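In what follows, a structure is listed as structure tokens, so that the remarks can point back to it.
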Amino acid sequence: MSGDKERKETIGDDFQRLTKYYPEVIKSWSPAWEDQVALYKMYPQARVIELPQPETSGGPPLWSALAGRRSFRDFTGGGLELKTVSQLLWACQGITARSGDYEFRSAPSAGALYPVETYLVSHHVTGIDMGLYHYNVAEHKLELLKAEDLRRPLMMAGLMQQMLFDCAAAFIWTARVKRSRWKYRQRAYRYIYLDAGHAAENLALAAESLGLGCCLVGAFFDDPVNELVGVDGSAETVIYMCAVGPR
């Protein structure tokens with residue numbers, strides 16, 4: 001048992017060491033093209049919710065949003081308009097440009113592979129049911145996966161953090177690992193975490209610009225959140241969350 005504990009305590013150090021780049025590694029590097037997977041996930045059987053078109057101009061100066069951004073954990077219990085949710089979803093992962101067969105998003109991604117998926121847990125969003133939704137990036141739509149009150153399960157999975165119950169909506173980011181790993185192998189895990197951070201910061205700045213409170217959440221019980229979202233925790237696994245609502 002002591003050996004297992006010692007190994008667990010060095011996993012982070014081992015990961016950093018074993019995923020380093022060296023000139024000799026780069027020279028022999030070749031992507032596994034045969035393992036390349038689709039860039040978009042969709043739920044064809046899900047009920048689709050049309051989202052209002054997001055605003056892509058105007059708003060407060062970026063510098064004001066950067067200066068004002070804070071983690072808010074005390075929400076009023078009020079709701080969000082669907083147009084606001086549309087704005088937040090677009091800010092963290094919406095398509096911003098097209099070039100040939102490539103579509104680029106509001107947050108950067110290594111190799112433009114976008115392994116991070118966005119799910120929304122609606123507690124109080126005008127015009128849609130309480131429940132779990134998947135963000136269909138390609139069509140800027142929501143796909144309903146579960147129509148139920150998930151406030152308590154989400155709070156319990158999130159280490160009993162009350163804000164996950166009180167917020168108007170929670171964003172959950174997962175990683176579809178193969179979408180990045182076919183090209184970057186084990187180094188892909190570094191890029192996946194960076195990608196999630198880019199999307200999350202975009203959301204935080206958008207929330208600040210809209211006068212909302214938000215708090216990014218990295219502390220949660222992995223398996224219960226994976227179960228809530230309906231992913232296996234391996235091929236696709238939850239890596240980050242965010243609570244959003246009126247402050």
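Ligands are numbered from 1 in the order shown, residues from 1 within each chain, and chains are lettered A, B, ... in the order they appear in the structure tokens.
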
Handout entry: Residues near Glu201 (chain A), cut-off 10 Å, only C-alpha atoms, skip fewer than 5 positions along chain, as JSON, numbers by chain
Key = {"A": [66, 69, 91, 92, 107, 196, 206, 207, 216]}

Exercise for the section: Write out as JSON, numbers by chain the residues lying within 6 Å of region 71-84 of chain A, counting only C-alpha atoms and excluding same-chain residues fewer than 6 positions away. Expected result: {"A": [52, 124, 125, 126, 163, 166, 167, 168, 213, 214, 215, 246, 247]}

Problem - Top pick for closest residue to Val116 (chain A), considering A:Gln93, A:Ser234, A:Gln36, A:Thr19 and counting only C-alpha atoms - result: A:Gln93

Could you pull the residues within 10 Å of Gly158 (chain A), counting only C-alpha atoms, minus those fewer than 4 positions along the same chain, as a PDB file with C-alpha atoms, in the first residue's frame?
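Once everything was written out, this is around-v7.pdb:
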```
ATOM      1  CA  ARG A 152     -28.776  18.665  -5.879  1.00  0.00           C
ATOM      2  CA  PRO A 153     -26.887  15.967  -7.854  1.00  0.00           C
ATOM      3  CA  LEU A 154     -24.604  18.639  -9.273  1.00  0.00           C
ATOM      4  CA  GLN A 162     -23.713  25.527  -2.480  1.00  0.00           C
ATOM      5  CA  MET A 163     -23.103  27.808  -5.458  1.00  0.00           C
ATOM      6  CA  LEU A 164     -23.655  24.845  -7.806  1.00  0.00           C
ATOM      7  CA  PHE A 165     -27.201  24.627  -6.432  1.00  0.00           C
ATOM      8  CA  VAL A 217     -14.762  24.951 -10.434  1.00  0.00           C
ATOM      9  CA  GLY A 218     -11.953  22.415 -10.568  1.00  0.00           C
ATOM     10  CA  ALA A 219     -12.858  20.559  -7.360  1.00  0.00           C
ATOM     11  CA  PHE A 220     -15.424  17.822  -7.916  1.00  0.00           C
ATOM     12  CA  PHE A 221     -15.885  14.082  -7.644  1.00  0.00           C
ATOM     13  CA  ASP A 222     -15.010  12.916 -11.146  1.00  0.00           C
ATOM     14  CA  PRO A 224     -20.438  11.350 -10.289  1.00  0.00           C
ATOM     15  CA  VAL A 225     -20.029  14.312 -12.664  1.00  0.00           C
ATOM     16  CA  MET A 241     -16.985  23.388 -14.511  1.00  0.00           C
TER      17      MET A 241
END
```

Give me the residues within 10 Å of Asn136 (chain A) as a PDB file with N, CA and C atoms, in the first residue's frame, counting only C-alpha atoms and dropping any in the same chain fewer than 2 places off.
```
ATOM      1  N   TYR A  40     -16.649  17.374 -34.356  1.00  0.00           N
ATOM      2  CA  TYR A  40     -17.894  17.800 -33.714  1.00  0.00           C
ATOM      3  C   TYR A  40     -18.631  16.599 -33.135  1.00  0.00           C
ATOM      4  N   LYS A  41     -19.164  16.798 -31.950  1.00  0.00           N
ATOM      5  CA  LYS A  41     -20.039  15.802 -31.347  1.00  0.00           C
ATOM      6  C   LYS A  41     -21.468  16.308 -31.435  1.00  0.00           C
ATOM      7  N   MET A  42     -22.380  15.416 -31.821  1.00  0.00           N
ATOM      8  CA  MET A  42     -23.796  15.779 -31.895  1.00  0.00           C
ATOM      9  C   MET A  42     -24.635  14.645 -31.338  1.00  0.00           C
ATOM     10  N   TYR A  43     -25.818  14.994 -30.862  1.00  0.00           N
ATOM     11  CA  TYR A  43     -26.787  14.023 -30.372  1.00  0.00           C
ATOM     12  C   TYR A  43     -27.996  14.063 -31.313  1.00  0.00           C
ATOM     13  N   VAL A  48     -33.830  19.606 -30.065  1.00  0.00           N
ATOM     14  CA  VAL A  48     -32.939  20.734 -30.342  1.00  0.00           C
ATOM     15  C   VAL A  48     -33.603  22.046 -29.926  1.00  0.00           C
ATOM     16  N   ILE A  49     -32.832  22.896 -29.259  1.00  0.00           N
ATOM     17  CA  ILE A  49     -33.286  24.233 -28.872  1.00  0.00           C
ATOM     18  C   ILE A  49     -32.506  25.247 -29.680  1.00  0.00           C
ATOM     19  N   LEU A  89     -22.259  30.855 -24.362  1.00  0.00           N
ATOM     20  CA  LEU A  89     -21.806  29.675 -25.099  1.00  0.00           C
ATOM     21  C   LEU A  89     -20.917  30.067 -26.273  1.00  0.00           C
ATOM     22  N   GLN A  93     -16.914  28.954 -26.895  1.00  0.00           N
ATOM     23  CA  GLN A  93     -16.543  27.995 -27.945  1.00  0.00           C
ATOM     24  C   GLN A  93     -17.182  28.259 -29.304  1.00  0.00           C
ATOM     25  N   GLY A  94     -17.817  29.402 -29.503  1.00  0.00           N
ATOM     26  CA  GLY A  94     -18.508  29.653 -30.756  1.00  0.00           C
ATOM     27  C   GLY A  94     -17.585  29.802 -31.948  1.00  0.00           C
ATOM     28  N   GLU A 117     -15.589  19.620 -25.143  1.00  0.00           N
ATOM     29  CA  GLU A 117     -17.032  19.738 -25.368  1.00  0.00           C
ATOM     30  C   GLU A 117     -17.661  20.538 -24.230  1.00  0.00           C
ATOM     31  N   THR A 118     -18.716  21.275 -24.545  1.00  0.00           N
ATOM     32  CA  THR A 118     -19.402  22.092 -23.547  1.00  0.00           C
ATOM     33  C   THR A 118     -20.812  21.558 -23.298  1.00  0.00           C
ATOM     34  N   TYR A 119     -21.135  21.364 -22.025  1.00  0.00           N
ATOM     35  CA  TYR A 119     -22.479  20.974 -21.604  1.00  0.00           C
ATOM     36  C   TYR A 119     -23.023  22.059 -20.684  1.00  0.00           C
ATOM     37  N   TYR A 133     -27.953  19.875 -21.077  1.00  0.00           N
ATOM     38  CA  TYR A 133     -27.912  20.134 -22.516  1.00  0.00           C
ATOM     39  C   TYR A 133     -26.475  20.007 -23.020  1.00  0.00           C
ATOM     40  N   HIS A 134     -26.352  19.666 -24.288  1.00  0.00           N
ATOM     41  CA  HIS A 134     -25.060  19.680 -24.968  1.00  0.00           C
ATOM     42  C   HIS A 134     -25.049  20.841 -25.950  1.00  0.00           C
ATOM     43  N   ALA A 138     -21.307  23.373 -34.044  1.00  0.00           N
ATOM     44  CA  ALA A 138     -21.403  23.547 -35.494  1.00  0.00           C
ATOM     45  C   ALA A 138     -22.656  24.323 -35.887  1.00  0.00           C
ATOM     46  N   GLU A 139     -23.761  24.117 -35.156  1.00  0.00           N
ATOM     47  CA  GLU A 139     -25.025  24.753 -35.501  1.00  0.00           C
ATOM     48  C   GLU A 139     -25.459  25.820 -34.489  1.00  0.00           C
ATOM     49  N   HIS A 140     -24.653  26.053 -33.476  1.00  0.00           N
ATOM     50  CA  HIS A 140     -24.971  26.985 -32.389  1.00  0.00           C
ATOM     51  C   HIS A 140     -26.380  26.716 -31.857  1.00  0.00           C
ATOM     52  N   LYS A 141     -26.553  25.496 -31.360  1.00  0.00           N
ATOM     53  CA  LYS A 141     -27.832  25.062 -30.795  1.00  0.00           C
ATOM     54  C   LYS A 141     -27.582  24.267 -29.526  1.00  0.00           C
ATOM     55  N   LEU A 142     -28.629  24.113 -28.736  1.00  0.00           N
ATOM     56  CA  LEU A 142     -28.566  23.243 -27.569  1.00  0.00           C
ATOM     57  C   LEU A 142     -29.308  21.955 -27.870  1.00  0.00           C
ATOM     58  N   GLU A 143     -28.775  20.841 -27.347  1.00  0.00           N
ATOM     59  CA  GLU A 143     -29.419  19.542 -27.489  1.00  0.00           C
ATOM     60  C   GLU A 143     -29.795  19.044 -26.095  1.00  0.00           C
TER      61      GLU A 143
END
```

Exercise for the section: One decimal, Å: what's the distance from CA of Ala46 (chain A) over to CA of Leu144 (chain A), could you say? Expected result: 5.6 Å

Exercise for the section: Mind the document's chain letters and residue numbers, and return as a list in words the residues of region 90-138 of chain A that DSSP labels strand (DSSP E or B). Expected result: Ile95, Thr96, Ala97, Arg98, Ser99, Tyr102, Glu103, Phe104, Arg105, Val116, Glu117, Thr118, Tyr119, Leu120, Val121, Ser122, Val125, Gly131, Leu132, Tyr133, His134, Tyr135 and Asn136 of chain A

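Distance annotation: of A:Leu194, A:Val137, A:Leu212, A:Ala243, the residue with the minimal separation from Gln161 (chain A) is A:Ala243; atom set is only C-alpha atoms.
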
Fill in the blank from the handout: Among A:Asp129, A:Arg187, A:Leu51, A:Val231, Tyr22 (chain A) is approached most closely, using only C-alpha atoms, by A:Arg187

Practice task
Enter the distance from CA of Leu62 (chain A) to CA of Val244 (chain A), in Å, rounded to one decimal.
Solution key: 19.3 Å

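Our summary of the geometry notes that CA of Tyr189 (chain A) is positioned 10.8 Å from CA of Ala110 (chain A).
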
Handout entry: chain A: residues DSSP assigns to alpha helix (DSSP H), reported as a ChimeraX atom specification
Key = /A:2-9,11-18,23-27,62-68,82-93,151-157,163-166,178-184,188-209,222-229

Handout entry: Contact residues around Val121 (chain A) with only C-alpha atoms at 6 Å, ignoring same-chain residues under 3 positions, as a list in words
Key = Gly131, Leu132, Ala169 and Ala170 of chain A

Handout entry: Among listed residues A:Tyr184, A:Glu103, A:Ile172, A:Asp149, nearest Tyr240 (chain A) (using only C-alpha atoms)
Key = A:Ile172

Show which residues sit within 10 Å of Trp33 (chain A), as a PDB file with C-alpha atoms, in the first residue's frame. Count only C-alpha atoms, and ignore same-chain residues fewer than 4 positions away.
```
ATOM      1  CA  VAL A  37     -11.792  11.462 -35.270  1.00  0.00           C
ATOM      2  CA  TRP A 182      -4.178  10.916 -32.570  1.00  0.00           C
ATOM      3  CA  LYS A 183      -1.904  13.841 -33.419  1.00  0.00           C
TER       4      LYS A 183
END
```

Exercise for the section: Please identify all polymer residues within 7 Å of Ala235 (chain A), counting only C-alpha atoms, omitting same-chain residues fewer than 5 positions from it, and present them as a PyMOL selection string. Expected result: chain A and resi 176-178

Requested write-out: C-alpha atoms of the selected residues, as a JSON list (two decimals), in the first residue's frame:
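Wrote part05.json, looks like this:
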```json
[["chain", "number", "residue", "atom", "x", "y", "z"],
["A", 176, "ARG", "CA", -12.87, 13.85, -25.99],
["A", 177, "VAL", "CA", -9.31, 12.64, -25.70],
["A", 178, "LYS", "CA", -8.85, 10.89, -29.06]]
```

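Closest approach to Asp223 (chain A) from the set A:Ser30, A:Ile239, A:Glu50, A:Val85 is made by A:Ile239, with distances taken over only C-alpha atoms.
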
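The shortest atom-to-atom distance to Arg181 (chain A), with only C-alpha atoms taken into account, belongs to A:Pro31 out of A:Pro23, A:Pro60, A:Pro31, A:Gly211.
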